[in-house]
Structures are given as C-alpha cells and as structure tokens.
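One structure below.
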Amino acid sequence: MSRLLVTGGAGFIGSNFVHHVLEHTDHEVTVLDKLTYAGNRDSLAGLEDSRFTFVQGDIADATLVDSLFAEADAVVHYAAESHNDNSLNDPRPFLDTNIIGTYTLLEAARRHGTRFHHISTDEVYGDLELDDPERFTESTPYNPSSPYSSTKAGSDLLVRAWVRSFGVGATISNCSNNYGPYQHVEKFIPRQITNVIRGIRPKLYGAGQNVRDWIHADDHSSAVLTILDKGELGETYLIGADGERNNKDVVELILEQMGQPRDAYDHVTDRAGHDLRYAIDSAKLRTELGWAPQFGDFEAGLAATIQWYRDNEAWWAPSKDATEAFYAKQGQ
Ligand code: NAD
Ligand code: DAU
C-alpha cells in the first residue's frame with residue numbers, strides 16, 4: 001500500500017485516475033488541486049473515506065507542496081492548464097502552472113527523494129501528415145505548435161533534466177486524446193454532446209479533417225498505474241489505443257448516436273496553428289510493461305459517454321453558458 005499525491009485530481013483525467021485507483025488498488029490518495037475553472041470538486045463526490053484526502057492549493061506554492069511531498073510515497077502530476085484554445089487567447093497561466101508549477105514539484109521531489117510520474121501529451125511531438133506511415137514514438141523529436149503544447153514540452157524537458165542532473169526518480173508518459181466522464185464542456189466531444197442536449201448545433205473547426213487518436217480515460221489510468229508499478233526510472237512511455245478518427249466522423253457519429261441528422265452541424269473558424277494529425281505507437285508500453293487497453297470499441301465508449309452527459313447535467317450545466325460565450329467571441 002502506498003500514499004499517492006495526485007496533482008490536478010479534480011480535473012478530467014486526474015479525477016478518472018483517482019476513481020480508478022480507489023476502486024482497483026489499496027493505495028491512499030491525496031489530491032492537490034487549485035480548483036481553477038477546469039477543476040470540479042463534484043468529480044470526486046462520494047470519495048470521502050479514510051483513503052482519500054482533498055487539499056485545495058497551487059502546485060506552484062512551494063511551502064504547501066513541500067509539506068505534501070513529506071507525506072507521499074509517490075506523486076502523479078496531472079495538474080496543468082490543458083486547453084489549446086485558451087492558450088491561444090491568454091498564454092500566461094500556461095507558463096505559471098505548466099512550467100513553474102512543474103519546476104516547484106520537481107524541486108520537492110529532489111528534496112524528499114519522492115518517486116515522480118509526469119503526465120504529458122502527444123502534442124509535444126507536433127503533428128503528422130494524414131498519410132504519414134510513421135506514428136509518434138518515444139524517440140520522435142519535440143516540435144510543439146501551441147502555447148499549451150510548448151509549455152507541456154518545456155515541462156517534460158524539466159523532468160528529464162531533473163532526472164539526469166539531480167537523480168530524481170521520475171517517469172514520463174505522453175498520451176493521446178482522452179474521452180469519457182468528467183471532461184469539461186470546452187473540449188471537443190463534451191462540447192458537441194452538450195450542444196445537442198441544449199438544442200445548439202455542434203461546431204466543427206474548419207473542414208474537420210484533423211485526426212485525433214482517441215483513448216478512454218480509464219485506459220489512460222490503467223496505463224499510468226502500470227508505469228508506476230513496473231516502469232523504469234528515467235524512461236518515457238507513450239500511451240495510446242489505436243483510436244484514430246477525424247473530427248468530422250466523430251461529430252457525425254455523435255449526432256447519429258443522439259438521434260439527429262448526421263449533417264446537423266456548423267463549420268466554424270478554424271483554430272490558429274491547428275495540428276493536423278496525432279497518432280501514437282504504444283508498442284514500448286505494451287511489450288515492455290504488458291499493458292493493453294480495455295475500451296477497444298470507440299462507438300460503445302462514446303455511447304456510454306453520451307449517456308453520462310445526459311445523466312449528469314447538474315455537473316456540466318454551470319460551465320456551459322460561459323464556455324459557449326467564450327467560443328462565440330472567437331467566431332467558434
Ligand atoms: P483539466 O483541465 O481537465 O484538469 C486540470 C486540473 O488541474 C484541474 O482540476 C485544475 O483545477 C488543476 N490545476 C490547474 N492549475 C493548477 C495549479 N496551478 N495547481 C493545482 N492544480 C491546478 O485537464 P485534463 O484534460 O484532465 O488533463 C490532465 C493532464 O493530462 C494534463 O497534464 C494534460 O496535459 C494531460 N493530457 C491530457 C489529455 C487530454 O486528452 N485531455 C491527453 C494527454 C495528456
Ligand atoms: O492530444 C492530447 C491533447 O488532447 C491534450 O494534450 C489536451 O490537453 C487536450 O485538450 C486535447 O487537445 P486537442 O486540442 O486535440 O483537444 P480539443 O478537445 O480541444 O479538440 C479536439 C479536436 O477537435 C481538435 O482538432 C479541434 C477540434 N474542435 C474542438 C472544439 C472544442 C472542433 O472541431 N470543434 C470544437 O468545438
């Protein structure tokens with residue numbers, strides 16, 4: 001049994017991880033989360049037992065971080081500013097949290113000798129052509145496009161430097177696009193589902209040819225636990241579930257599954273610098289650590305996600321109007 005400190009555990013993927021850990025292991029979990037607009041305490045509702053503690057605070061608060069590292073056997077670092085569109089509008093918080101916040105955690109890991117796992121993204125590798133035969137691997141050169149992905153790339157490089165120069169016991173994982181419950185309505189899939197529920201037409205950026213490699217958040221959680229358990233210190237592991245689809249196909253599938261005509265959506269202004277395609281080769285994680293995804297069927301996972309948003313309107317409704325007002329200002 002270990003005591004895990006999970007940063008960003010009130011966000012989308014962090015909260016899925018906390019639920020997964022409490023259900024499948026006997027670890028104790030402490031969440032450190034600032035509860036920004038993206039954090040939601042209700043994503044952790046019902047977990048108030050002796051194995052779970054919630055602390056509201058900033059990962060860049062060195063004093064608070066130091067006291068929490070003193071109590072932890074391992075840290076899983078999810079906290080980040082995570083949305084590309086916000087980073088194009090106001091990059092500064094991305095530098096504060098993704099760079100300075102990660103630096104603050106690494107310094108604490110160095111002082112306390114704490115096992116550290118850094119959660120990152122496939123976006124650090126830039127994008128691929130639609131017909132590129134190669135997918136991203138652990139040795140693909142970094143080539144980030146947006147303020148978001150460049151700060152995530154910077155945070156990965158800090159982790160690598162703290163491993164090499166200071167001997168911090170860290171691993172890194174770079175995962176593809178997640179879907180599932182508890183995702184903020186600013187993101188592509190929940191935005192379109194909640195638009196349809198509200199009677200708003202889904203919004204597709206540009207022609208919708210951009211490809212994302214979808215993985216269920218629960219598969220991301222099992223991969224992170226596998227790396228914590230069996231990963232080699234200093235190594236990077238790519239996490240993906242062979243789920244490539246273009247955005248147009250995903251919008252049309254959402255409409256079909258929600259009983260609407262497949263063409264009942266609008267094309268809107270494209271994202272500046274929009275990455276064309278992400279695709280993950282997760283062979284290293286599968287062959288060296290024996291991990292495999294459980295949610296192979298995207299249609300079934302999407303249907304369950306649609307049902308979750310139908311059943312949990314009280315969870316997402318408070319964010320919906322402000323999110324749509326933000327997009328309306330950008331013509332999106
Ligand atoms: P999210 O935006 O849903 O959640 C981020 C969480 O971090 C929120 O709860 C927020 O309150 C918290 N947070 C933000 N700044 C903080 C700070 N300074 N101190 C403490 N807490 C803070 O993000 P997400 O989609 O769950 O992503 C989680 C992590 O996974 C990120 O590191 C992201 O880069 C990475 N990732 C995301 C995806 C994806 O598809 N969403 C894919 C691969 C990797
Ligand atoms: O690849 C991993 C990344 O996936 C993570 O690092 C990020 O934190 C996460 O936000 C996600 O980034 P994307 O930019 O790919 O996700 P987003 O949900 O914002 O958009 C997915 C695709 O859908 C992208 O091509 C843009 C498009 N899109 C998005 C929105 C919000 C639309 O066409 N319409 C929309 O309304």
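To be explicit about the labels: the chains of the structure tokens are called A, B, and onward in the order shown, and within each one the residues are counted from 1, while ligands get numbers from 1 in the order they are shown.
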Open item on the list: Could you list, as number ranges by chain, all protein and nucleic acid residues with an atom at most 7 Å from ligand 1, counting only C-alpha atoms and all ligand atoms?
Closed with: A: 7-14, 32-40, 57-60, 78-83, 97, 101, 119-122, 152, 174-179, 183-184
Would you save the residues from that selection as a compact mmCIF listing (two decimals), in the first residue's frame, using N, CA and C atoms?
# COMPACT_ATOMS: atom_id res chain seq x y z
N THR A 7 -1.68 15.44 -8.30
CA THR A 7 -1.95 16.86 -8.60
C THR A 7 -2.99 16.92 -9.72
N GLY A 8 -3.85 17.93 -9.66
CA GLY A 8 -4.88 18.07 -10.70
C GLY A 8 -5.93 16.98 -10.65
N GLY A 9 -6.14 16.41 -9.46
CA GLY A 9 -7.07 15.29 -9.33
C GLY A 9 -8.54 15.67 -9.40
N ALA A 10 -8.85 16.97 -9.47
CA ALA A 10 -10.25 17.37 -9.66
C ALA A 10 -10.55 17.70 -11.12
N GLY A 11 -9.54 17.51 -11.99
CA GLY A 11 -9.76 17.72 -13.43
C GLY A 11 -10.29 16.45 -14.08
N PHE A 12 -10.38 16.49 -15.38
CA PHE A 12 -10.96 15.37 -16.15
C PHE A 12 -10.20 14.05 -15.92
N ILE A 13 -8.93 14.03 -16.35
CA ILE A 13 -8.22 12.74 -16.33
C ILE A 13 -7.77 12.40 -14.92
N GLY A 14 -7.40 13.43 -14.15
CA GLY A 14 -6.99 13.20 -12.76
C GLY A 14 -8.11 12.58 -11.94
N LEU A 32 -4.09 17.24 -4.70
CA LEU A 32 -3.77 18.67 -4.60
C LEU A 32 -4.30 19.33 -5.87
N ASP A 33 -5.27 20.22 -5.73
CA ASP A 33 -5.87 20.86 -6.90
C ASP A 33 -6.27 22.29 -6.54
N LYS A 34 -5.96 23.20 -7.46
CA LYS A 34 -6.27 24.62 -7.24
C LYS A 34 -7.74 24.93 -7.44
N LEU A 35 -8.45 24.01 -8.06
CA LEU A 35 -9.85 24.25 -8.47
C LEU A 35 -9.94 25.52 -9.31
N THR A 36 -9.21 25.51 -10.43
CA THR A 36 -9.39 26.55 -11.45
C THR A 36 -10.76 26.32 -12.09
N TYR A 37 -11.09 27.09 -13.12
CA TYR A 37 -12.35 26.89 -13.84
C TYR A 37 -12.47 25.42 -14.29
N ALA A 38 -11.32 24.74 -14.51
CA ALA A 38 -11.35 23.37 -15.06
C ALA A 38 -11.49 22.30 -13.98
N GLY A 39 -11.27 22.68 -12.73
CA GLY A 39 -11.36 21.70 -11.64
C GLY A 39 -12.78 21.69 -11.08
N ASN A 40 -13.25 20.52 -10.69
CA ASN A 40 -14.61 20.42 -10.17
C ASN A 40 -14.61 19.45 -8.99
N GLY A 57 -5.15 23.86 -3.43
CA GLY A 57 -3.94 24.68 -3.42
C GLY A 57 -3.25 24.63 -4.77
N ASP A 58 -2.19 25.44 -4.86
CA ASP A 58 -1.49 25.65 -6.13
C ASP A 58 -0.20 24.82 -6.15
N ILE A 59 0.06 24.13 -7.25
CA ILE A 59 1.31 23.36 -7.34
C ILE A 59 2.54 24.26 -7.35
N ALA A 60 2.35 25.57 -7.57
CA ALA A 60 3.49 26.50 -7.53
C ALA A 60 3.71 27.06 -6.12
N TYR A 78 -0.79 15.44 -12.72
CA TYR A 78 -1.73 15.76 -13.80
C TYR A 78 -1.99 17.26 -13.93
N ALA A 79 -1.80 18.05 -12.87
CA ALA A 79 -2.26 19.44 -12.89
C ALA A 79 -1.63 20.21 -14.06
N ALA A 80 -2.46 20.92 -14.79
CA ALA A 80 -1.97 21.71 -15.92
C ALA A 80 -3.09 22.64 -16.37
N GLU A 81 -2.71 23.69 -17.05
CA GLU A 81 -3.64 24.36 -17.95
C GLU A 81 -3.62 23.51 -19.20
N SER A 82 -4.79 23.02 -19.65
CA SER A 82 -4.79 21.93 -20.62
C SER A 82 -5.47 22.24 -21.95
N HIS A 83 -6.04 23.46 -22.12
CA HIS A 83 -6.85 23.66 -23.33
C HIS A 83 -6.17 24.59 -24.35
N THR A 97 1.57 27.55 -14.51
CA THR A 97 1.26 26.21 -13.99
C THR A 97 2.13 25.14 -14.63
N GLY A 101 4.95 25.56 -12.09
CA GLY A 101 4.34 24.56 -11.21
C GLY A 101 5.12 23.25 -11.26
N ILE A 119 2.65 13.46 -16.13
CA ILE A 119 1.66 13.19 -17.18
C ILE A 119 1.82 14.22 -18.29
N SER A 120 2.11 13.73 -19.49
CA SER A 120 2.21 14.67 -20.61
C SER A 120 1.38 14.19 -21.80
N THR A 121 1.62 14.83 -22.90
CA THR A 121 0.71 14.70 -24.05
C THR A 121 1.48 14.39 -25.33
N ASP A 122 0.77 13.78 -26.29
CA ASP A 122 1.37 13.53 -27.60
C ASP A 122 1.61 14.83 -28.37
N LYS A 152 3.91 22.26 -22.21
CA LYS A 152 3.98 20.85 -21.81
C LYS A 152 5.35 20.28 -22.23
N ASN A 174 3.33 10.18 -22.32
CA ASN A 174 2.71 11.09 -23.28
C ASN A 174 1.53 10.36 -23.89
N CYS A 175 0.33 10.85 -23.60
CA CYS A 175 -0.88 10.15 -24.02
C CYS A 175 -1.60 10.93 -25.13
N SER A 176 -2.43 10.22 -25.86
CA SER A 176 -3.24 10.84 -26.91
C SER A 176 -4.54 11.39 -26.32
N ASN A 177 -5.47 11.83 -27.19
CA ASN A 177 -6.72 12.47 -26.73
C ASN A 177 -7.60 11.53 -25.92
N ASN A 178 -7.98 11.96 -24.73
CA ASN A 178 -8.86 11.18 -23.86
C ASN A 178 -10.31 11.57 -24.05
N TYR A 179 -11.20 10.59 -23.84
CA TYR A 179 -12.64 10.90 -23.74
C TYR A 179 -13.20 10.06 -22.59
N GLN A 183 -15.29 15.23 -18.34
CA GLN A 183 -14.48 16.13 -19.17
C GLN A 183 -15.20 17.47 -19.33
N HIS A 184 -14.44 18.55 -19.19
CA HIS A 184 -15.02 19.90 -19.25
C HIS A 184 -15.69 20.14 -20.61
Open item on the list: Just want the 12 Å neighbourhood of A:Val185, counted on only C-alpha atoms, with same-chain residues fewer than 6 positions away dropped. Output as number ranges by chain.
Closed with: A: 11-12, 37-39, 83, 179, 191-195, 309, 313, 315-324, 326-327
Open item on the list: If DSSP is run on the backbone, what residues of stretch 57-224 of chain A are helix (DSSP H, G or I)? A reply as JSON, numbers by chain would be ideal.
Closed with: {"A": [62, 63, 64, 65, 66, 67, 68, 69, 84, 85, 86, 87, 88, 89, 92, 93, 94, 95, 96, 97, 98, 99, 100, 101, 102, 103, 104, 105, 106, 107, 108, 109, 110, 111, 112, 122, 123, 124, 125, 147, 148, 149, 150, 151, 152, 153, 154, 155, 156, 157, 158, 159, 160, 161, 162, 163, 164, 165, 166, 188, 189, 190, 191, 192, 193, 194, 195, 196, 197, 198, 217, 218, 219, 220, 221, 222, 223, 224]}
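Restricting the calculation to only C-alpha atoms and all ligand atoms, the smallest distance between ligand 2 and any of A:Ile306, A:Ile200, A:Val163, A:Leu225 is found for A:Ile200.
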TODO: Within stretch 5-142 of chain A, find each residue whose DSSP state, derived from the backbone, is strand (DSSP E), and express the selection as a list in words.
DONE: Leu5, Val6, Thr7, Glu28, Val29, Thr30, Val31, Leu32, Asp33, Phe52, Thr53, Phe54, Val55, Gln56, Ala74, Val75, Val76, His77, Arg115, Phe116, His117, His118, Ile119, Ser120 and Thr121 of chain A
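For the residues A:Ala283, A:His27, A:Pro133, A:Tyr182, ranking by smallest atom-to-atom distance to A:Asp42 using only C-alpha atoms places A:Tyr182 first.
The neighbours of A:Leu233 here are the residues that come within 6 Å of it, using only C-alpha atoms and leaving out any residue fewer than 4 positions away in the same chain; they are A:Gly169, A:Ala170, A:Thr171.
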- [ ] Kindly indicate which residue among A:Lys187, A:Lys329, A:Arg245, A:Arg271 lies nearest to ligand 2, using only C-alpha atoms and all ligand atoms for the distances.
- [x] A:Lys187
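Among the candidates A:Ser221, A:Thr305, A:Thr140, A:Thr269, the one nearest to ligand 2 when counting only C-alpha atoms and all ligand atoms is A:Thr269.
Restricting the calculation to only C-alpha atoms, the smallest distance between A:Gly231 and any of A:Ala153, A:Leu95, A:Ile172, A:Ala62 is found for A:Ile172.
The neighbours of A:Ala72 here are the residues that come within 7 Å of it, using only C-alpha atoms and leaving out any residue fewer than 3 positions away in the same chain; they are Arg3, Leu4, Leu5, Leu68, Phe69 and Val75 of chain A.
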Requested write-out: all heavy atoms of the selected residues, as a compact mmCIF listing (two decimals), in the first residue's frame:
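Result saved to out.txt:
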# COMPACT_ATOMS: atom_id res chain seq x y z
N ARG A 3 1.10 5.74 -0.40
CA ARG A 3 0.37 7.01 -0.31
C ARG A 3 0.69 7.81 -1.58
O ARG A 3 1.83 8.22 -1.78
CB ARG A 3 0.82 7.77 0.95
CG ARG A 3 0.46 7.03 2.24
CD ARG A 3 1.26 7.56 3.41
NE ARG A 3 2.69 7.50 3.15
CZ ARG A 3 3.62 8.09 3.90
NH1 ARG A 3 3.28 8.79 4.95
NH2 ARG A 3 4.91 7.99 3.59
N LEU A 4 -0.33 8.02 -2.41
CA LEU A 4 -0.14 8.74 -3.67
C LEU A 4 -0.60 10.18 -3.52
O LEU A 4 -1.71 10.43 -3.01
CB LEU A 4 -0.97 8.12 -4.80
CG LEU A 4 -0.67 6.70 -5.25
CD1 LEU A 4 -1.54 6.36 -6.47
CD2 LEU A 4 0.80 6.56 -5.61
N LEU A 5 0.22 11.12 -3.98
CA LEU A 5 -0.22 12.50 -4.11
C LEU A 5 -0.54 12.72 -5.59
O LEU A 5 0.30 12.47 -6.45
CB LEU A 5 0.89 13.46 -3.67
CG LEU A 5 0.61 14.95 -3.86
CD1 LEU A 5 -0.59 15.41 -3.01
CD2 LEU A 5 1.84 15.79 -3.51
N LEU A 68 3.25 18.40 1.54
CA LEU A 68 2.53 17.25 0.98
C LEU A 68 3.49 16.17 0.48
O LEU A 68 3.22 14.97 0.63
CB LEU A 68 1.60 17.71 -0.14
CG LEU A 68 0.43 18.61 0.34
CD1 LEU A 68 -0.32 19.19 -0.86
CD2 LEU A 68 -0.53 17.84 1.23
N PHE A 69 4.63 16.58 -0.07
CA PHE A 69 5.63 15.59 -0.50
C PHE A 69 6.18 14.82 0.70
O PHE A 69 6.52 13.64 0.58
CB PHE A 69 6.77 16.25 -1.28
CG PHE A 69 6.54 16.35 -2.77
CD1 PHE A 69 5.50 17.13 -3.27
CD2 PHE A 69 7.34 15.67 -3.67
CE1 PHE A 69 5.27 17.23 -4.64
CE2 PHE A 69 7.13 15.75 -5.03
CZ PHE A 69 6.09 16.53 -5.52
N VAL A 75 4.25 10.60 -6.42
CA VAL A 75 3.43 11.73 -6.90
C VAL A 75 3.09 11.50 -8.36
O VAL A 75 3.96 11.13 -9.16
CB VAL A 75 4.20 13.06 -6.76
CG1 VAL A 75 3.43 14.22 -7.38
CG2 VAL A 75 4.50 13.35 -5.28
Task: Distance query stretch 272-279 of chain A at most 10 Å, only C-alpha atoms, self and fewer than 6 positions along chain excluded, as a ChimeraX atom specification - done: /A:84-85,88,122-123,125-132,134-137,144-146,175-177,205-206,208-214,240-246
Task: Residues near A:Ala161, cut-off 12 Å, only C-alpha atoms, skip fewer than 3 positions along chain, as number ranges by chain - done: A: 103, 106-107, 110, 154-158, 164-171, 234
Please produce a file of the residues just selected, as a JSON list (two decimals), in the first residue's frame, where the atoms kept are N, CA and C atoms.
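Saved the output as part27.json:
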[["chain", "number", "residue", "atom", "x", "y", "z"],
["A", 103, "TYR", "N", 8.23, 22.80, -12.16],
["A", 103, "TYR", "CA", 9.53, 23.05, -11.53],
["A", 103, "TYR", "C", 9.42, 22.95, -10.00],
["A", 106, "LEU", "N", 9.20, 19.36, -8.97],
["A", 106, "LEU", "CA", 10.47, 18.65, -9.16],
["A", 106, "LEU", "C", 11.47, 18.98, -8.05],
["A", 107, "GLU", "N", 11.46, 20.23, -7.63],
["A", 107, "GLU", "CA", 12.37, 20.60, -6.54],
["A", 107, "GLU", "C", 11.99, 19.87, -5.25],
["A", 110, "ARG", "N", 13.10, 16.32, -5.52],
["A", 110, "ARG", "CA", 14.55, 16.26, -5.29],
["A", 110, "ARG", "C", 14.86, 16.28, -3.79],
["A", 154, "GLY", "N", 8.09, 21.96, -22.50],
["A", 154, "GLY", "CA", 9.05, 22.52, -21.55],
["A", 154, "GLY", "C", 9.03, 21.75, -20.23],
["A", 155, "SER", "N", 7.83, 21.38, -19.79],
["A", 155, "SER", "CA", 7.74, 20.66, -18.50],
["A", 155, "SER", "C", 8.37, 19.27, -18.63],
["A", 156, "ASP", "N", 8.19, 18.61, -19.76],
["A", 156, "ASP", "CA", 8.82, 17.29, -19.98],
["A", 156, "ASP", "C", 10.35, 17.43, -19.91],
["A", 157, "LEU", "N", 10.86, 18.49, -20.54],
["A", 157, "LEU", "CA", 12.32, 18.67, -20.58],
["A", 157, "LEU", "C", 12.86, 18.97, -19.19],
["A", 158, "LEU", "N", 12.08, 19.70, -18.37],
["A", 158, "LEU", "CA", 12.49, 19.91, -16.98],
["A", 158, "LEU", "C", 12.60, 18.56, -16.26],
["A", 164, "ARG", "N", 18.40, 13.55, -14.93],
["A", 164, "ARG", "CA", 19.82, 13.39, -15.27],
["A", 164, "ARG", "C", 20.74, 14.14, -14.31],
["A", 165, "SER", "N", 20.38, 15.40, -14.00],
["A", 165, "SER", "CA", 21.31, 16.23, -13.21],
["A", 165, "SER", "C", 21.20, 15.99, -11.71],
["A", 166, "PHE", "N", 19.99, 15.65, -11.23],
["A", 166, "PHE", "CA", 19.78, 15.57, -9.78],
["A", 166, "PHE", "C", 19.36, 14.18, -9.32],
["A", 167, "GLY", "N", 19.23, 13.24, -10.27],
["A", 167, "GLY", "CA", 18.88, 11.88, -9.88],
["A", 167, "GLY", "C", 17.46, 11.69, -9.40],
["A", 168, "VAL", "N", 16.54, 12.61, -9.79],
["A", 168, "VAL", "CA", 15.14, 12.43, -9.39],
["A", 168, "VAL", "C", 14.60, 11.14, -10.03],
["A", 169, "GLY", "N", 13.84, 10.38, -9.27],
["A", 169, "GLY", "CA", 13.30, 9.10, -9.74],
["A", 169, "GLY", "C", 11.98, 9.31, -10.47],
["A", 170, "ALA", "N", 12.07, 9.70, -11.74],
["A", 170, "ALA", "CA", 10.85, 10.07, -12.47],
["A", 170, "ALA", "C", 10.65, 9.24, -13.72],
["A", 171, "THR", "N", 9.38, 9.12, -14.10],
["A", 171, "THR", "CA", 8.99, 8.60, -15.41],
["A", 171, "THR", "C", 8.06, 9.64, -16.05],
["A", 234, "GLY", "N", 13.48, 7.17, -15.29],
["A", 234, "GLY", "CA", 14.16, 7.90, -16.35],
["A", 234, "GLY", "C", 13.56, 7.67, -17.72]]
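Counting from atom 32 (C, counted along the ligand's line) of ligand 2, the distance to atom CA of A:Glu186 is 9.9 Å.
Closest to A:Ala109 among A:Ala300, A:Trp162, A:Pro93, A:Glu256 is A:Trp162, based on only C-alpha atoms.
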- [ ] Quick one: everything within 9 Å of A:Ala70, counting only C-alpha atoms, minus sequence neighbours fewer than 6 positions away in the same chain. Send it as number ranges by chain.
- [x] A: 108, 112, 114
Open item on the list: Report, in Å to a single decimal, how far apart atom CA of A:Asp90 and atom CA of A:Ile239 are.
Closed with: 28.6 Å
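Between atom 29 (C, counted along the ligand's line) of ligand 2 and atom CA of A:His220 the separation is 20.5 Å.
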